[in-house]
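> Before we start, here is the structure in question, set down as structure tokens.
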Amino acid sequence: MTSQTPTPPTLKAVSHKGGQSVAIRGLEKTYGARKVLQHLDLSIAAGEFVAIVGRSGCGKSTLLRILSGLESPTAGSVSLNDDKANAHGDVRFMFQEPRLLPWKSVIANVALGLDRHARPQAEEALRHVGLGERAGDWPSSLSGGQKQRVALARALVHEPSLLLLDEPLGALDALTRIEMQRLIESLWQRQRFTAVLVTHDVAEAVALADRVILLEDGRVALDERIDLPRPRHRGDPAFAAQEERILERVLGSDSPQQDAASGHADATEPPKRHLSRVA
Amino acid sequence: MSTHTENRLFSRAAPWILPILLLAAWQTASSLGWLSTRILPAPWDVLKAFVTLAESGELWNHMRISTLRALSGFALGGGLGLLLGLLTGSLRSAETLLDSTLQMVRNIPPLALIPLVILWFGIDEAAKLFLVSLGVFFPIYTNTFHGIHSVDKGLIEMGRSYGLSRWQLYREVILPGALPSILVGVRFSLGFMWVILIVAETISAQSGIGYMTMNAREFLQTDVVLVGILLYALLGKLADMLARGLERTSLRWHPRYQPQH
Ligand SMILES: Nc1ncnc2c1ncn2[C@@H]1O[C@H](COP(=O)(O)OP(=O)(O)OP(=O)(O)O)[C@@H](O)[C@H]1O
Ligand SMILES: [Mg+2]
């Protein structure tokens, strides 16, 4: 290395540009008369991995879509600040479905929106998700999990500083899901982007996130830090305890009578139920 | 020889067995005088008529003229249909302005316009061009319009959020997404193109296959009439093969056209 002239900044150097911080203040979103988000305050540090959980219809997707600019807020503000001055604050969205273009080869899907010289980058991103061999294939020949990996490569090739994931693994089988979780974690550790993951799987949230946020009645009802060392193991008692606690909280907030009685879930004993946990 | 290859041979030959038997029966019936040539000439006579017409050059001349009419009508009507379909499919304002009017016109069968067209254009080339264009316009227009509307909204949203410009979005997402539907329109209109041309040529023309057939009818040349009918069948089949080939090459990504492993 020392004998050579200084090498120009390579892909690797750029990919450590890090994430951007997010500050959400007094965010509100209404559709017609329905208030989906209200008085939502949330700060996310640069490079942090945040998981958002909450019952169906509580506004998780809406929040992500506002962060990505696909929707605009009714009131309040969302500011994204990059910790590096030169970065252009790229935000990428990974949807629940792969949304690959069926008329483009796998590699052309990954390279979507990049200029022609970026082909090697797309190939590298595809290798990172373990699909380097399938570059020339049509998306229709891939399995569901492989399609989601291509979608992940497509999001990451832009080296986003903020990656938004809206239940991207929801449709996958349990084994593929755990594989994908590990992949997402390792790519996040490599590229240090800020990640916001919406999931209905509390175990997934605890496995991946630095913080788990529970969204309820349009605002943050729980903000729990997960300090377990990585890589995390599901068999670990500390993991299980934290998962159990969050799950109880999510389910406790599920009960409409409680909301009516006191408006505060912790005021009464959480009802005893049989919990069927998703893998 | 294994039974497997025998089966293959049989399934190759099977579709031809019935036509050949029919042809043989037809020839026999004519030779034995059971079928009057006024009604149906023998296949052998039809073949002879074909050779005579081909040698005199008359046949090629009529065929060339008919094909030219068909293709120019297809280019004009189809091109216009594609253009307007893209326009109304992509722009809300164009849709509100044009679509309901076009849907209204669509309900008029092109052939119903023949008397009017003869009044307007006489039996000029313009009459045939107008009828064929009108006939192919609507299948292509409608399928283009619906093709664009039925492009997966999720893909469009994805394209937007991945930073595609308007033009890129159109070229990479909307057009390819609408293409299968557009090609269905093309195939449909290619079939329709010949139907309209046949009618237009038999009613008002001084050249072309339709004219040749009608002319032969006046002189009771049933063999020439049959040559004309078979030519139409052949040209129709050719157009269909062309459309299928087009689909196969431009929809290679579609699971329907992928080789089975
Ligand atoms: N475009 C829209 N128009 C009207 N209402 C909408 C629209 N998008 C979402 N909503 C409503 O906003 C609420 C929140 O929707 P959102 O998709 O954010 O829920 P979610 O938390 O992602 O649910 P899930 O876990 O089922 O995906 C729902 O009640 C939904 O009906
Ligand atoms: Mg959702």
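Ordered as shown in the structure tokens, chains take letters A, B, and onward, while each chain numbers its residues from 1 and ligands are numbered from 1 in the order shown.
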Distance limit 6 Å, atoms considered: only C-alpha atoms. Which chain B residues sit that close to chain A? Return them as a VMD selection string.

chain B and resid 155 164 253

> Using only C-alpha atoms and all ligand atoms, find each residue with an atom at most 8 Å away from ligand 2 and format the answer as a list of chain:residue names.

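Selection of residues at most 8 Å from ligand 2: A:Ser56, A:Gly57, A:Gly59, A:Lys60, A:Ser61, A:Thr62, A:Asp166, A:Glu167, A:Val198.
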
> Okay, now the selection with all heavy atoms, as a PDB file, in the first residue's frame?


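Contents of the output file part_24.pdb:
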ATOM      1  N   SER A  56     -52.284  -3.437  13.982  1.00  0.00           N
ATOM      2  CA  SER A  56     -52.589  -3.150  12.580  1.00  0.00           C
ATOM      3  C   SER A  56     -53.434  -1.887  12.461  1.00  0.00           C
ATOM      4  O   SER A  56     -54.392  -1.713  13.197  1.00  0.00           O
ATOM      5  CB  SER A  56     -53.318  -4.343  11.982  1.00  0.00           C
ATOM      6  OG  SER A  56     -53.599  -4.090  10.641  1.00  0.00           O
ATOM      7  N   GLY A  57     -53.054  -1.013  11.555  1.00  0.00           N
ATOM      8  CA  GLY A  57     -53.820   0.199  11.322  1.00  0.00           C
ATOM      9  C   GLY A  57     -53.454   1.356  12.224  1.00  0.00           C
ATOM     10  O   GLY A  57     -54.109   2.396  12.212  1.00  0.00           O
ATOM     11  N   GLY A  59     -50.863   3.196  12.050  1.00  0.00           N
ATOM     12  CA  GLY A  59     -50.182   4.289  11.352  1.00  0.00           C
ATOM     13  C   GLY A  59     -48.700   4.067  11.116  1.00  0.00           C
ATOM     14  O   GLY A  59     -47.980   5.010  10.782  1.00  0.00           O
ATOM     15  N   LYS A  60     -48.233   2.838  11.254  1.00  0.00           N
ATOM     16  CA  LYS A  60     -46.804   2.571  11.053  1.00  0.00           C
ATOM     17  C   LYS A  60     -46.379   2.863   9.615  1.00  0.00           C
ATOM     18  O   LYS A  60     -45.391   3.563   9.379  1.00  0.00           O
ATOM     19  CB  LYS A  60     -46.484   1.101  11.402  1.00  0.00           C
ATOM     20  CG  LYS A  60     -46.920   0.686  12.797  1.00  0.00           C
ATOM     21  CD  LYS A  60     -46.586  -0.760  13.085  1.00  0.00           C
ATOM     22  CE  LYS A  60     -47.291  -1.760  12.190  1.00  0.00           C
ATOM     23  NZ  LYS A  60     -48.729  -1.928  12.443  1.00  0.00           N
ATOM     24  N   SER A  61     -47.141   2.319   8.682  1.00  0.00           N
ATOM     25  CA  SER A  61     -46.789   2.553   7.279  1.00  0.00           C
ATOM     26  C   SER A  61     -46.899   4.033   6.938  1.00  0.00           C
ATOM     27  O   SER A  61     -46.070   4.578   6.199  1.00  0.00           O
ATOM     28  CB  SER A  61     -47.707   1.760   6.349  1.00  0.00           C
ATOM     29  OG  SER A  61     -47.540   0.387   6.558  1.00  0.00           O
ATOM     30  N   THR A  62     -47.926   4.664   7.486  1.00  0.00           N
ATOM     31  CA  THR A  62     -48.110   6.087   7.221  1.00  0.00           C
ATOM     32  C   THR A  62     -46.875   6.873   7.676  1.00  0.00           C
ATOM     33  O   THR A  62     -46.383   7.749   6.957  1.00  0.00           O
ATOM     34  CB  THR A  62     -49.366   6.596   7.946  1.00  0.00           C
ATOM     35  OG1 THR A  62     -50.465   5.772   7.564  1.00  0.00           O
ATOM     36  CG2 THR A  62     -49.656   8.033   7.601  1.00  0.00           C
ATOM     37  N   ASP A 166     -40.628  -1.492   5.527  1.00  0.00           N
ATOM     38  CA  ASP A 166     -42.016  -1.668   5.946  1.00  0.00           C
ATOM     39  C   ASP A 166     -42.395  -3.147   5.893  1.00  0.00           C
ATOM     40  O   ASP A 166     -42.790  -3.655   4.851  1.00  0.00           O
ATOM     41  CB  ASP A 166     -42.940  -0.850   5.045  1.00  0.00           C
ATOM     42  CG  ASP A 166     -44.361  -0.786   5.621  1.00  0.00           C
ATOM     43  OD1 ASP A 166     -44.608  -1.419   6.662  1.00  0.00           O
ATOM     44  OD2 ASP A 166     -45.202  -0.095   5.018  1.00  0.00           O
ATOM     45  N   GLU A 167     -42.263  -3.830   6.997  1.00  0.00           N
ATOM     46  CA  GLU A 167     -42.544  -5.268   7.086  1.00  0.00           C
ATOM     47  C   GLU A 167     -41.987  -6.037   5.896  1.00  0.00           C
ATOM     48  O   GLU A 167     -42.712  -6.782   5.239  1.00  0.00           O
ATOM     49  CB  GLU A 167     -44.060  -5.515   7.179  1.00  0.00           C
ATOM     50  CG  GLU A 167     -44.684  -4.862   8.381  1.00  0.00           C
ATOM     51  CD  GLU A 167     -46.119  -5.347   8.595  1.00  0.00           C
ATOM     52  OE1 GLU A 167     -46.406  -6.492   8.254  1.00  0.00           O
ATOM     53  OE2 GLU A 167     -46.923  -4.570   9.140  1.00  0.00           O
ATOM     54  N   VAL A 198     -40.369  -1.361  10.326  1.00  0.00           N
ATOM     55  CA  VAL A 198     -41.711  -1.638  10.833  1.00  0.00           C
ATOM     56  C   VAL A 198     -41.904  -3.141  10.814  1.00  0.00           C
ATOM     57  O   VAL A 198     -41.586  -3.795   9.821  1.00  0.00           O
ATOM     58  CB  VAL A 198     -42.776  -0.958   9.950  1.00  0.00           C
ATOM     59  CG1 VAL A 198     -44.152  -1.525  10.239  1.00  0.00           C
ATOM     60  CG2 VAL A 198     -42.764   0.540  10.182  1.00  0.00           C
TER      61      VAL A 198
END

> CA of Gln148 (chain A) and CA of Arg192 (chain A), how far apart in Å?

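Interatomic distance, CA of Arg192 (chain A) to CA of Gln148 (chain A): 20.4 Å.
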
> Counting only C-alpha atoms and all ligand atoms, what residues are within 12 Å of ligand 1, given as number ranges by chain?

A: 28-38, 52-66, 70-72, 95-96, 165-168, 170, 197-201, 214-219

> So that I can check the surroundings of Ala243 (chain B), please list as a JSON list (two decimals) with N, CA, C and O atoms, in the first residue's frame every protein, DNA and RNA residue that reaches within 12 Å of it, counting only C-alpha atoms and ignoring chain neighbours fewer than 2 positions away.


[["chain", "number", "residue", "atom", "x", "y", "z"],
["B", 180, "PRO", "N", -47.87, -5.79, -22.64],
["B", 180, "PRO", "CA", -48.64, -7.01, -22.91],
["B", 180, "PRO", "C", -50.05, -6.68, -23.41],
["B", 180, "PRO", "O", -50.54, -7.28, -24.36],
["B", 182, "ILE", "N", -51.01, -3.85, -24.86],
["B", 182, "ILE", "CA", -50.92, -3.23, -26.19],
["B", 182, "ILE", "C", -50.80, -4.30, -27.26],
["B", 182, "ILE", "O", -51.45, -4.24, -28.31],
["B", 183, "LEU", "N", -49.99, -5.33, -26.98],
["B", 183, "LEU", "CA", -49.80, -6.38, -27.98],
["B", 183, "LEU", "C", -51.06, -7.22, -28.20],
["B", 183, "LEU", "O", -51.29, -7.70, -29.30],
["B", 184, "VAL", "N", -51.85, -7.37, -27.16],
["B", 184, "VAL", "CA", -53.14, -8.03, -27.34],
["B", 184, "VAL", "C", -53.98, -7.22, -28.33],
["B", 184, "VAL", "O", -54.59, -7.76, -29.25],
["B", 185, "GLY", "N", -53.95, -5.91, -28.18],
["B", 185, "GLY", "CA", -54.66, -5.03, -29.10],
["B", 185, "GLY", "C", -54.14, -5.17, -30.52],
["B", 185, "GLY", "O", -54.91, -5.20, -31.47],
["B", 186, "VAL", "N", -52.83, -5.28, -30.66],
["B", 186, "VAL", "CA", -52.22, -5.42, -31.99],
["B", 186, "VAL", "C", -52.70, -6.71, -32.65],
["B", 186, "VAL", "O", -53.10, -6.72, -33.81],
["B", 187, "ARG", "N", -52.70, -7.78, -31.89],
["B", 187, "ARG", "CA", -53.10, -9.06, -32.47],
["B", 187, "ARG", "C", -54.57, -9.05, -32.89],
["B", 187, "ARG", "O", -54.92, -9.50, -33.96],
["B", 188, "PHE", "N", -55.35, -8.50, -32.02],
["B", 188, "PHE", "CA", -56.78, -8.39, -32.30],
["B", 188, "PHE", "C", -57.03, -7.58, -33.56],
["B", 188, "PHE", "O", -57.80, -7.94, -34.43],
["B", 189, "SER", "N", -56.33, -6.44, -33.66],
["B", 189, "SER", "CA", -56.59, -5.54, -34.78],
["B", 189, "SER", "C", -56.03, -6.11, -36.08],
["B", 189, "SER", "O", -56.55, -5.83, -37.15],
["B", 190, "LEU", "N", -54.98, -6.94, -36.00],
["B", 190, "LEU", "CA", -54.46, -7.55, -37.22],
["B", 190, "LEU", "C", -55.50, -8.50, -37.82],
["B", 190, "LEU", "O", -55.65, -8.58, -39.05],
["B", 191, "GLY", "N", -56.21, -9.20, -36.97],
["B", 191, "GLY", "CA", -57.26, -10.07, -37.46],
["B", 191, "GLY", "C", -58.40, -9.26, -38.07],
["B", 191, "GLY", "O", -58.90, -9.56, -39.16],
["B", 236, "GLY", "N", -54.17, -13.97, -43.36],
["B", 236, "GLY", "CA", -54.61, -13.81, -41.97],
["B", 236, "GLY", "C", -53.72, -14.59, -41.03],
["B", 236, "GLY", "O", -53.31, -14.10, -39.98],
["B", 237, "LYS", "N", -53.40, -15.81, -41.44],
["B", 237, "LYS", "CA", -52.53, -16.66, -40.62],
["B", 237, "LYS", "C", -51.14, -16.02, -40.48],
["B", 237, "LYS", "O", -50.55, -16.01, -39.39],
["B", 238, "LEU", "N", -50.65, -15.47, -41.59],
["B", 238, "LEU", "CA", -49.35, -14.81, -41.56],
["B", 238, "LEU", "C", -49.34, -13.65, -40.56],
["B", 238, "LEU", "O", -48.42, -13.48, -39.77],
["B", 239, "ALA", "N", -50.42, -12.84, -40.61],
["B", 239, "ALA", "CA", -50.51, -11.69, -39.71],
["B", 239, "ALA", "C", -50.52, -12.16, -38.26],
["B", 239, "ALA", "O", -49.86, -11.57, -37.39],
["B", 240, "ASP", "N", -51.23, -13.24, -38.01],
["B", 240, "ASP", "CA", -51.31, -13.77, -36.65],
["B", 240, "ASP", "C", -49.95, -14.27, -36.19],
["B", 240, "ASP", "O", -49.53, -14.03, -35.05],
["B", 241, "MET", "N", -49.24, -14.95, -37.09],
["B", 241, "MET", "CA", -47.91, -15.45, -36.73],
["B", 241, "MET", "C", -46.96, -14.29, -36.42],
["B", 241, "MET", "O", -46.15, -14.37, -35.50],
["B", 245, "GLY", "N", -45.09, -13.70, -32.95],
["B", 245, "GLY", "CA", -43.63, -13.56, -32.91],
["B", 245, "GLY", "C", -43.23, -12.30, -32.17],
["B", 245, "GLY", "O", -42.30, -12.30, -31.35],
["B", 246, "LEU", "N", -43.98, -11.23, -32.44],
["B", 246, "LEU", "CA", -43.72, -9.96, -31.78],
["B", 246, "LEU", "C", -43.88, -10.11, -30.27],
["B", 246, "LEU", "O", -43.07, -9.63, -29.48],
["B", 247, "GLU", "N", -44.95, -10.82, -29.86],
["B", 247, "GLU", "CA", -45.17, -11.03, -28.43],
["B", 247, "GLU", "C", -44.03, -11.84, -27.83],
["B", 247, "GLU", "O", -43.53, -11.53, -26.76],
["B", 248, "ARG", "N", -43.64, -12.90, -28.57],
["B", 248, "ARG", "CA", -42.60, -13.76, -28.01],
["B", 248, "ARG", "C", -41.30, -13.01, -27.80],
["B", 248, "ARG", "O", -40.63, -13.20, -26.80],
["B", 249, "THR", "N", -40.95, -12.14, -28.76],
["B", 249, "THR", "CA", -39.66, -11.46, -28.59],
["B", 249, "THR", "C", -39.73, -10.32, -27.59],
["B", 249, "THR", "O", -38.79, -10.11, -26.84],
["B", 250, "SER", "N", -40.84, -9.60, -27.55],
["B", 250, "SER", "CA", -40.83, -8.43, -26.67],
["B", 250, "SER", "C", -41.35, -8.74, -25.27],
["B", 250, "SER", "O", -41.21, -7.92, -24.37],
["B", 251, "LEU", "N", -41.92, -9.92, -25.08],
["B", 251, "LEU", "CA", -42.37, -10.28, -23.72],
["B", 251, "LEU", "C", -41.56, -11.46, -23.19],
["B", 251, "LEU", "O", -42.09, -12.31, -22.49]]

> I'd like the neighbourhood of region 29-44 of chain B as JSON, numbers by chain, where a residue qualifies if any of its atoms comes within 9 Å (using only C-alpha atoms), though same-chain residues fewer than 3 positions away should be ignored.

{"B": [23, 24, 25, 26, 47, 48, 49, 220, 221, 222, 223, 226]}

> Pick out the closest residue to Lys153 (chain B) from this set: B:Ala75, B:Leu131, B:Val136, B:Ile174. Count only C-alpha atoms.

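Using only C-alpha atoms, the shortest distance to Lys153 (chain B) belongs to B:Ile174.
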